[in-house]
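For reference, final-v9.txt (compact mmCIF, C-alpha atoms):
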```
# COMPACT_ATOMS: atom_id res chain seq x y z
CA MET A 1 -14.41 12.84 -4.16
CA PHE A 2 -17.11 10.32 -3.22
CA ALA A 3 -19.45 11.67 -5.91
CA PHE A 4 -16.74 11.02 -8.49
CA LEU A 5 -16.05 7.55 -7.14
CA LYS A 6 -19.74 6.64 -7.15
CA LYS A 7 -19.82 7.32 -10.88
CA LEU A 8 -16.99 4.83 -11.29
CA PHE A 9 -18.87 2.16 -9.41
CA ALA A 10 -22.50 2.79 -10.32
CA THR A 11 -23.90 -0.36 -8.75
CA LYS A 12 -26.36 -1.06 -5.97
CA GLU A 13 -25.37 0.16 -2.51
CA GLU A 14 -23.20 -2.37 -0.68
CA HIS A 15 -22.82 -2.72 3.05
CA PRO A 16 -19.45 -1.49 4.32
CA TYR A 17 -16.84 -4.09 5.20
CA THR A 18 -16.02 -2.25 8.43
CA GLU A 19 -18.15 -0.30 10.89
CA GLY A 20 -17.56 2.91 12.79
CA ASP A 21 -16.63 6.53 12.27
CA PRO A 22 -15.11 6.99 8.77
CA MET A 23 -12.62 9.49 10.21
CA LYS A 24 -11.20 6.68 12.35
CA LYS A 25 -10.90 4.27 9.43
CA PHE A 26 -7.80 4.06 7.25
CA LEU A 27 -7.21 2.31 3.94
CA ILE A 28 -3.71 0.85 3.68
CA ALA A 29 -3.14 -0.32 0.11
CA GLY A 30 -0.04 -2.42 -0.44
CA LEU A 31 0.72 -2.67 -4.14
CA GLY A 32 1.93 -5.79 -5.90
CA ASN A 33 1.13 -8.46 -8.47
CA ILE A 34 -0.86 -11.58 -7.67
CA GLY A 35 0.39 -15.13 -8.06
CA PRO A 36 3.34 -17.19 -6.80
CA LYS A 37 5.51 -15.98 -9.69
CA TYR A 38 5.64 -12.50 -8.12
CA GLU A 39 5.33 -13.36 -4.44
CA ASN A 40 8.89 -12.66 -3.32
CA THR A 41 9.86 -10.03 -5.88
CA ARG A 42 11.01 -6.52 -5.06
CA HIS A 43 7.98 -5.02 -6.83
CA ASN A 44 5.70 -6.81 -4.34
CA ILE A 45 6.95 -5.06 -1.22
CA GLY A 46 3.46 -3.61 -0.63
CA PHE A 47 1.96 -7.10 -0.40
CA LYS A 48 4.86 -8.33 1.71
CA MET A 49 4.51 -5.45 4.18
CA LEU A 50 0.80 -6.12 4.73
CA ASP A 51 1.39 -9.87 4.96
CA HIS A 52 3.95 -9.21 7.71
CA LEU A 53 1.48 -7.08 9.66
CA ALA A 54 -1.30 -9.63 9.18
CA GLN A 55 0.90 -12.46 10.37
CA ARG A 56 2.10 -10.47 13.38
CA GLU A 57 -1.46 -9.65 14.42
CA SER A 58 -2.94 -13.08 13.47
CA LEU A 59 -5.27 -11.52 10.90
CA THR A 60 -7.11 -13.57 8.27
CA TRP A 61 -7.26 -12.43 4.67
CA GLU A 62 -10.57 -12.55 2.81
CA THR A 63 -10.85 -12.49 -0.96
CA ALA A 64 -13.34 -9.74 -1.78
CA ARG A 65 -14.05 -7.47 -4.72
CA LEU A 66 -10.87 -6.34 -6.49
CA GLY A 67 -8.54 -7.66 -3.81
CA ASP A 68 -7.75 -9.46 -0.58
CA VAL A 69 -8.73 -7.53 2.54
CA THR A 70 -8.48 -7.79 6.31
CA THR A 71 -8.84 -5.38 9.22
CA HIS A 72 -6.44 -4.44 11.98
CA LYS A 73 -7.89 -2.59 14.96
CA LYS A 74 -5.78 -0.64 17.42
CA LYS A 75 -6.62 2.04 19.97
CA GLY A 76 -9.98 2.87 18.45
CA ARG A 77 -8.68 3.00 14.90
CA THR A 78 -9.56 0.55 12.12
CA PHE A 79 -7.00 -0.20 9.44
CA LEU A 80 -8.45 -1.80 6.33
CA LEU A 81 -5.56 -3.60 4.66
CA LEU A 82 -5.90 -4.10 0.91
CA LYS A 83 -3.88 -6.17 -1.55
CA PRO A 84 -5.39 -5.40 -4.98
CA ASN A 85 -5.85 -8.40 -7.28
CA THR A 86 -5.95 -6.19 -10.39
CA TYR A 87 -2.20 -6.42 -11.04
CA MET A 88 0.04 -3.44 -10.45
CA ASN A 89 -0.88 -1.43 -13.54
CA LEU A 90 -4.59 -1.30 -12.59
CA SER A 91 -4.23 -0.64 -8.85
CA GLY A 92 -6.36 2.50 -8.99
CA LYS A 93 -9.62 0.66 -9.56
CA ALA A 94 -9.27 -1.34 -6.33
CA VAL A 95 -8.15 1.65 -4.27
CA ALA A 96 -11.01 3.81 -5.54
CA TYR A 97 -13.57 1.07 -4.93
CA TRP A 98 -12.61 0.51 -1.30
CA LEU A 99 -12.34 4.20 -0.53
CA GLU A 100 -15.90 4.70 -1.77
CA LYS A 101 -17.34 1.52 -0.27
CA GLU A 102 -15.96 2.26 3.19
CA LYS A 103 -16.49 6.06 2.96
CA ILE A 104 -12.85 6.52 3.92
CA PRO A 105 -11.58 10.11 3.44
CA LEU A 106 -8.81 10.47 0.88
CA GLU A 107 -6.49 11.84 3.58
CA ASN A 108 -6.84 8.48 5.36
CA LEU A 109 -5.37 6.56 2.42
CA LEU A 110 -1.79 5.26 2.53
CA VAL A 111 -0.33 3.50 -0.52
CA ILE A 112 2.77 1.30 -0.07
CA THR A 113 5.11 0.90 -3.06
CA ASP A 114 8.67 0.04 -4.01
CA ASP A 115 11.06 2.82 -5.03
CA LEU A 116 14.15 2.38 -7.21
CA ASN A 117 15.46 5.82 -6.28
CA LEU A 118 15.99 4.98 -2.60
CA PRO A 119 18.65 2.74 -1.03
CA PHE A 120 17.37 -0.66 0.08
CA GLY A 121 15.04 -0.48 3.05
CA THR A 122 14.92 3.32 3.19
CA ILE A 123 11.53 4.73 4.16
CA ARG A 124 10.06 7.83 2.56
CA ILE A 125 6.53 9.01 3.35
CA LYS A 126 4.95 11.81 1.31
CA THR A 127 1.52 13.44 1.15
CA LYS A 128 1.60 14.11 -2.59
CA GLY A 129 3.83 13.97 -5.63
CA SER A 130 4.30 12.51 -9.07
CA ASP A 131 4.09 8.82 -9.86
CA GLY A 132 7.88 8.76 -10.34
CA GLY A 133 7.50 6.33 -13.21
CA HIS A 134 5.73 3.78 -11.00
CA ASN A 135 2.83 2.24 -12.93
CA GLY A 136 0.79 1.47 -9.83
CA LEU A 137 0.95 5.06 -8.62
CA LYS A 138 0.27 6.30 -12.14
CA ASP A 139 -2.98 4.34 -12.31
CA ILE A 140 -4.08 5.48 -8.85
CA GLN A 141 -3.40 9.08 -9.83
CA ASN A 142 -5.38 8.70 -13.06
CA THR A 143 -8.29 6.95 -11.36
CA LEU A 144 -8.59 9.28 -8.37
CA GLN A 145 -7.77 12.30 -10.57
CA THR A 146 -5.39 13.70 -7.99
CA THR A 147 -1.78 13.46 -6.83
CA GLN A 148 -2.82 14.51 -3.32
CA TYR A 149 -2.72 11.20 -1.50
CA ASN A 150 -0.30 9.69 1.02
CA ARG A 151 2.30 7.24 -0.17
CA PHE A 152 4.87 5.14 1.68
CA ARG A 153 7.83 4.40 -0.56
CA PHE A 154 10.14 1.54 0.38
CA GLY A 155 13.59 1.67 -1.17
CA ILE A 156 14.73 -1.27 -3.28
CA SER A 157 17.84 0.54 -4.65
CA ASP A 158 18.92 0.59 -8.29
CA GLU A 159 21.63 -2.06 -8.37
CA PHE A 160 20.98 -3.19 -11.92
CA SER A 161 22.87 -2.82 -15.17
CA LYS A 162 21.60 -0.78 -18.10
CA GLY A 163 18.48 -2.21 -19.68
CA ARG A 164 17.85 -4.64 -16.81
CA GLN A 165 15.41 -2.58 -14.75
CA VAL A 166 12.38 -4.81 -15.34
CA ASP A 167 14.35 -7.95 -14.49
CA TYR A 168 15.62 -6.30 -11.32
CA VAL A 169 12.23 -5.01 -10.13
CA LEU A 170 10.55 -8.34 -10.84
CA GLY A 171 13.52 -10.26 -9.45
CA HIS A 172 13.81 -11.87 -6.04
CA TRP A 173 15.55 -10.35 -3.03
CA ASP A 174 19.23 -11.23 -2.71
CA GLU A 175 20.65 -12.96 0.35
CA GLN A 176 21.73 -9.78 2.12
CA GLU A 177 18.33 -8.14 1.53
CA LEU A 178 16.54 -11.21 2.87
CA GLN A 179 18.57 -10.98 6.08
CA GLN A 180 17.59 -7.34 6.57
CA LEU A 181 13.96 -7.57 5.46
CA PRO A 182 12.37 -8.74 8.75
CA GLU A 183 13.58 -5.67 10.64
CA ARG A 184 12.61 -3.38 7.76
CA LEU A 185 9.13 -4.94 7.53
CA GLU A 186 8.63 -4.47 11.25
CA LYS A 187 9.64 -0.83 10.92
CA GLY A 188 7.14 -0.51 8.08
CA CYS A 189 4.37 -1.84 10.31
CA GLU A 190 5.25 0.88 12.81
CA VAL A 191 4.80 3.42 10.01
CA ILE A 192 1.34 2.08 9.19
CA GLU A 193 0.15 2.21 12.79
CA SER A 194 1.67 5.64 13.37
CA PHE A 195 -0.16 6.94 10.30
CA GLY A 196 -3.50 6.08 11.87
CA LEU A 197 -2.68 6.84 15.49
CA ALA A 198 -0.40 9.90 15.28
CA GLY A 199 -1.16 11.36 11.85
CA ILE A 200 0.79 11.82 8.67
CA SER A 201 2.94 14.79 9.80
CA ILE A 202 4.29 13.11 12.92
CA THR A 203 4.79 9.89 10.97
CA MET A 204 6.85 11.67 8.32
CA ASN A 205 8.97 13.41 10.94
CA THR A 206 9.52 10.18 12.85
CA PHE A 207 10.26 7.72 10.08
CA ASN A 208 11.46 9.49 6.93
CA GLY A 209 14.97 8.41 6.06
CA LYS A 210 14.98 5.70 8.74
```
Translate this file's structure into structure tokens.
Amino acid sequence: MFAFLKKLFATKEEHPYTEGDPMKKFLIAGLGNIGPKYENTRHNIGFKMLDHLAQRESLTWETARLGDVTTHKKKGRTFLLLKPNTYMNLSGKAVAYWLEKEKIPLENLLVITDDLNLPFGTIRIKTKGSDGGHNGLKDIQNTLQTTQYNRFRFGISDEFSKGRQVDYVLGHWDEQELQQLPERLEKGCEVIESFGLAGISITMNTFNGK
């Protein structure tokens, strides 16, 4: 995997952003689109989830190559949080770059996305699968050349009329969703930490469908 990624980023060797055992480092990529226009849209739940965790832990974002990054350390584990600045449809480039730069194993990657096929706030964690029509996942799959990576899907439901999918996905949360979001975001942060501390299998068993 790293040999393939090095070909993608054939530049001079860069110092890692984080230190320590690569097996204890985890890349948490929250997908979204940059700019205030998209900030509070359903499609940006990946950004919103990481922003919630960063605010809770008083973390400071740094604009780096291909995205904003920060680190969250807990019980000997290092979570590198990434918000790609490539826009949703080119998320793979940022994910691949930070995996290679930090020498993070593919099994330590977790990608957070929205999912139209799940009721609002529903959590579904999977270790592989298709892109499900999600352009961010599609680009990650094409860039990494594999579907074998962990993804955390957050349900946004499909309460839109025919032909209005794009407007719905890029629309803002309604009043009821906004009331429920804080609890759902906190639950999502528990998923992220469990992924690094307990592993993907226990995390799936604990949180799927919650």
Query - Surrounding residues of Glu186 in chain A excluding itself and chain neighbours under 3 positions, 8 Å, only C-alpha atoms, as an NGL selection string - result: :A and (52-53 or 182-183 or 189-190)
Query raised in the report: What's the 10 Å shell around Pro16 in chain A, counting all atoms listed in the file, without same-chain residues fewer than 4 positions away, as a PyMOL selection string?
Result: chain A and resi 20+98+100-103
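Nearest residue to Asp51 in chain A among A:Leu90, A:Ile192, A:Leu185, A:Ile156 is A:Leu185, counting all atoms listed in the file.
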What's the 8 Å shell around range 116-121 of chain A, counting only C-alpha atoms, without same-chain residues fewer than 5 positions away, as an mmCIF file with C-alpha atoms, in the frame of the given file?
```cif
data_model
loop_
_atom_site.group_PDB
_atom_site.id
_atom_site.type_symbol
_atom_site.label_atom_id
_atom_site.label_comp_id
_atom_site.auth_asym_id
_atom_site.auth_seq_id
_atom_site.Cartn_x
_atom_site.Cartn_y
_atom_site.Cartn_z
ATOM 1 C CA PHE A 154 10.140 1.540 0.380
ATOM 2 C CA GLY A 155 13.590 1.670 -1.170
ATOM 3 C CA ILE A 156 14.730 -1.270 -3.280
ATOM 4 C CA SER A 157 17.840 0.540 -4.650
ATOM 5 C CA ASP A 158 18.920 0.590 -8.290
ATOM 6 C CA GLU A 177 18.330 -8.140 1.530
ATOM 7 C CA LEU A 181 13.960 -7.570 5.460
ATOM 8 C CA ARG A 184 12.610 -3.380 7.760
#
```
Query raised in the report: Interatomic distance between CA of Asn205 in chain A and CA of Thr127 in chain A?
Result: 12.3 Å
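Atom to atom, CA of Asn44 in chain A and CA of Phe160 in chain A stand 17.4 Å apart.
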Query raised in the report: Between A:Tyr38, A:Tyr149, A:Phe47, A:Phe79, which is the closest to Ala96 in chain A once you count all atoms listed in the file?
Result: A:Tyr149
Report task. Mind giving me the straight-line distance from CA of Val166 in chain A to CA of Asn89 in chain A in Å, one decimal? Result -> 13.8 Å
Query raised in the report: What's the 8 Å shell around Asn40 in chain A, counting only C-alpha atoms, without same-chain residues fewer than 4 positions away, as JSON, numbers by chain?
Result: {"A": [36, 44, 48, 172, 173]}
Find the residues around Arg153 in chain A up to 8 Å (only C-alpha atoms counted), leave out those fewer than 4 positions away in its own chain, and share them as a PDB file with C-alpha atoms, in the coordinates of the input.
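Written file, selection_28.pdb:
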```
ATOM      1  CA  ILE A 112       2.770   1.300  -0.070  1.00  0.00           C
ATOM      2  CA  THR A 113       5.110   0.900  -3.060  1.00  0.00           C
ATOM      3  CA  ASP A 114       8.670   0.040  -4.010  1.00  0.00           C
ATOM      4  CA  ASP A 115      11.060   2.820  -5.030  1.00  0.00           C
ATOM      5  CA  ILE A 123      11.530   4.730   4.160  1.00  0.00           C
ATOM      6  CA  ARG A 124      10.060   7.830   2.560  1.00  0.00           C
ATOM      7  CA  ILE A 125       6.530   9.010   3.350  1.00  0.00           C
TER       8      ILE A 125
END
```
Could I get range 155-166 of chain A rebuilt with all heavy atoms, written as a PDB file, in the frame of the given file?
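Below is the file rebuild.pdb, written as the result:
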```pdb
ATOM      1  N   GLY A 155      12.472   1.732  -0.247  1.00  0.00           N
ATOM      2  CA  GLY A 155      13.590   1.670  -1.170  1.00  0.00           C
ATOM      3  C   GLY A 155      14.011   0.253  -1.530  1.00  0.00           C
ATOM      4  O   GLY A 155      14.147  -0.613  -0.652  1.00  0.00           O
ATOM      5  N   ILE A 156      14.206   0.024  -2.836  1.00  0.00           N
ATOM      6  CA  ILE A 156      14.730  -1.270  -3.280  1.00  0.00           C
ATOM      7  C   ILE A 156      16.066  -1.087  -4.001  1.00  0.00           C
ATOM      8  O   ILE A 156      16.615  -2.037  -4.528  1.00  0.00           O
ATOM      9  CB  ILE A 156      13.725  -2.006  -4.203  1.00  0.00           C
ATOM     10  CG1 ILE A 156      13.432  -1.207  -5.470  1.00  0.00           C
ATOM     11  CG2 ILE A 156      12.421  -2.314  -3.443  1.00  0.00           C
ATOM     12  CD1 ILE A 156      12.618  -1.975  -6.508  1.00  0.00           C
ATOM     13  N   SER A 157      16.579   0.146  -4.026  1.00  0.00           N
ATOM     14  CA  SER A 157      17.840   0.540  -4.650  1.00  0.00           C
ATOM     15  C   SER A 157      17.786   0.350  -6.172  1.00  0.00           C
ATOM     16  O   SER A 157      16.773  -0.075  -6.721  1.00  0.00           O
ATOM     17  CB  SER A 157      19.041  -0.203  -4.038  1.00  0.00           C
ATOM     18  OG  SER A 157      19.140  -1.507  -4.537  1.00  0.00           O
ATOM     19  N   ASP A 158      18.880   0.678  -6.829  1.00  0.00           N
ATOM     20  CA  ASP A 158      18.920   0.590  -8.290  1.00  0.00           C
ATOM     21  C   ASP A 158      20.168  -0.162  -8.749  1.00  0.00           C
ATOM     22  O   ASP A 158      20.846   0.241  -9.688  1.00  0.00           O
ATOM     23  CB  ASP A 158      18.876   1.978  -8.922  1.00  0.00           C
ATOM     24  CG  ASP A 158      20.017   2.870  -8.466  1.00  0.00           C
ATOM     25  OD1 ASP A 158      20.816   2.422  -7.612  1.00  0.00           O
ATOM     26  OD2 ASP A 158      20.129   4.000  -8.974  1.00  0.00           O
ATOM     27  N   GLU A 159      20.430  -1.278  -8.085  1.00  0.00           N
ATOM     28  CA  GLU A 159      21.630  -2.060  -8.370  1.00  0.00           C
ATOM     29  C   GLU A 159      21.429  -2.983  -9.566  1.00  0.00           C
ATOM     30  O   GLU A 159      21.486  -4.210  -9.448  1.00  0.00           O
ATOM     31  CB  GLU A 159      22.028  -2.876  -7.134  1.00  0.00           C
ATOM     32  CG  GLU A 159      22.349  -2.043  -5.905  1.00  0.00           C
ATOM     33  CD  GLU A 159      23.579  -1.167  -6.116  1.00  0.00           C
ATOM     34  OE1 GLU A 159      24.550  -1.649  -6.725  1.00  0.00           O
ATOM     35  OE2 GLU A 159      23.559  -0.006  -5.670  1.00  0.00           O
ATOM     36  N   PHE A 160      21.156  -2.381 -10.717  1.00  0.00           N
ATOM     37  CA  PHE A 160      20.980  -3.190 -11.920  1.00  0.00           C
ATOM     38  C   PHE A 160      21.744  -2.538 -13.074  1.00  0.00           C
ATOM     39  O   PHE A 160      21.971  -1.323 -13.080  1.00  0.00           O
ATOM     40  CB  PHE A 160      19.495  -3.329 -12.284  1.00  0.00           C
ATOM     41  CG  PHE A 160      18.768  -2.019 -12.440  1.00  0.00           C
ATOM     42  CD1 PHE A 160      18.739  -1.359 -13.658  1.00  0.00           C
ATOM     43  CD2 PHE A 160      18.105  -1.447 -11.356  1.00  0.00           C
ATOM     44  CE1 PHE A 160      18.072  -0.155 -13.797  1.00  0.00           C
ATOM     45  CE2 PHE A 160      17.422  -0.240 -11.493  1.00  0.00           C
ATOM     46  CZ  PHE A 160      17.422   0.409 -12.718  1.00  0.00           C
ATOM     47  N   SER A 161      22.128  -3.335 -14.022  1.00  0.00           N
ATOM     48  CA  SER A 161      22.870  -2.820 -15.170  1.00  0.00           C
ATOM     49  C   SER A 161      21.907  -2.236 -16.198  1.00  0.00           C
ATOM     50  O   SER A 161      20.694  -2.478 -16.154  1.00  0.00           O
ATOM     51  CB  SER A 161      23.697  -3.946 -15.812  1.00  0.00           C
ATOM     52  OG  SER A 161      22.873  -5.054 -16.131  1.00  0.00           O
ATOM     53  N   LYS A 162      22.422  -1.467 -17.116  1.00  0.00           N
ATOM     54  CA  LYS A 162      21.600  -0.780 -18.100  1.00  0.00           C
ATOM     55  C   LYS A 162      20.709  -1.753 -18.867  1.00  0.00           C
ATOM     56  O   LYS A 162      21.160  -2.799 -19.331  1.00  0.00           O
ATOM     57  CB  LYS A 162      22.502  -0.019 -19.080  1.00  0.00           C
ATOM     58  CG  LYS A 162      21.734   0.867 -20.050  1.00  0.00           C
ATOM     59  CD  LYS A 162      22.683   1.661 -20.923  1.00  0.00           C
ATOM     60  CE  LYS A 162      21.913   2.564 -21.879  1.00  0.00           C
ATOM     61  NZ  LYS A 162      22.829   3.370 -22.732  1.00  0.00           N
ATOM     62  N   GLY A 163      19.430  -1.392 -18.956  1.00  0.00           N
ATOM     63  CA  GLY A 163      18.480  -2.210 -19.680  1.00  0.00           C
ATOM     64  C   GLY A 163      17.912  -3.373 -18.898  1.00  0.00           C
ATOM     65  O   GLY A 163      17.120  -4.158 -19.429  1.00  0.00           O
ATOM     66  N   ARG A 164      18.287  -3.489 -17.622  1.00  0.00           N
ATOM     67  CA  ARG A 164      17.850  -4.640 -16.810  1.00  0.00           C
ATOM     68  C   ARG A 164      16.878  -4.238 -15.693  1.00  0.00           C
ATOM     69  O   ARG A 164      16.658  -4.988 -14.751  1.00  0.00           O
ATOM     70  CB  ARG A 164      19.059  -5.329 -16.178  1.00  0.00           C
ATOM     71  CG  ARG A 164      20.127  -5.768 -17.158  1.00  0.00           C
ATOM     72  CD  ARG A 164      19.678  -6.927 -18.022  1.00  0.00           C
ATOM     73  NE  ARG A 164      19.501  -8.143 -17.242  1.00  0.00           N
ATOM     74  CZ  ARG A 164      19.100  -9.308 -17.747  1.00  0.00           C
ATOM     75  NH1 ARG A 164      18.811  -9.391 -19.035  1.00  0.00           N
ATOM     76  NH2 ARG A 164      18.974 -10.367 -16.985  1.00  0.00           N
ATOM     77  N   GLN A 165      16.288  -3.073 -15.813  1.00  0.00           N
ATOM     78  CA  GLN A 165      15.410  -2.580 -14.750  1.00  0.00           C
ATOM     79  C   GLN A 165      14.238  -3.510 -14.479  1.00  0.00           C
ATOM     80  O   GLN A 165      13.945  -3.824 -13.322  1.00  0.00           O
ATOM     81  CB  GLN A 165      14.898  -1.184 -15.082  1.00  0.00           C
ATOM     82  CG  GLN A 165      13.919  -0.636 -14.036  1.00  0.00           C
ATOM     83  CD  GLN A 165      13.534   0.804 -14.300  1.00  0.00           C
ATOM     84  OE1 GLN A 165      14.332   1.595 -14.791  1.00  0.00           O
ATOM     85  NE2 GLN A 165      12.303   1.167 -13.976  1.00  0.00           N
ATOM     86  N   VAL A 166      13.553  -3.946 -15.528  1.00  0.00           N
ATOM     87  CA  VAL A 166      12.380  -4.810 -15.340  1.00  0.00           C
ATOM     88  C   VAL A 166      12.774  -6.111 -14.661  1.00  0.00           C
ATOM     89  O   VAL A 166      12.100  -6.574 -13.729  1.00  0.00           O
ATOM     90  CB  VAL A 166      11.679  -5.084 -16.686  1.00  0.00           C
ATOM     91  CG1 VAL A 166      10.569  -6.118 -16.507  1.00  0.00           C
ATOM     92  CG2 VAL A 166      11.099  -3.797 -17.264  1.00  0.00           C
TER      93      VAL A 166
END
```
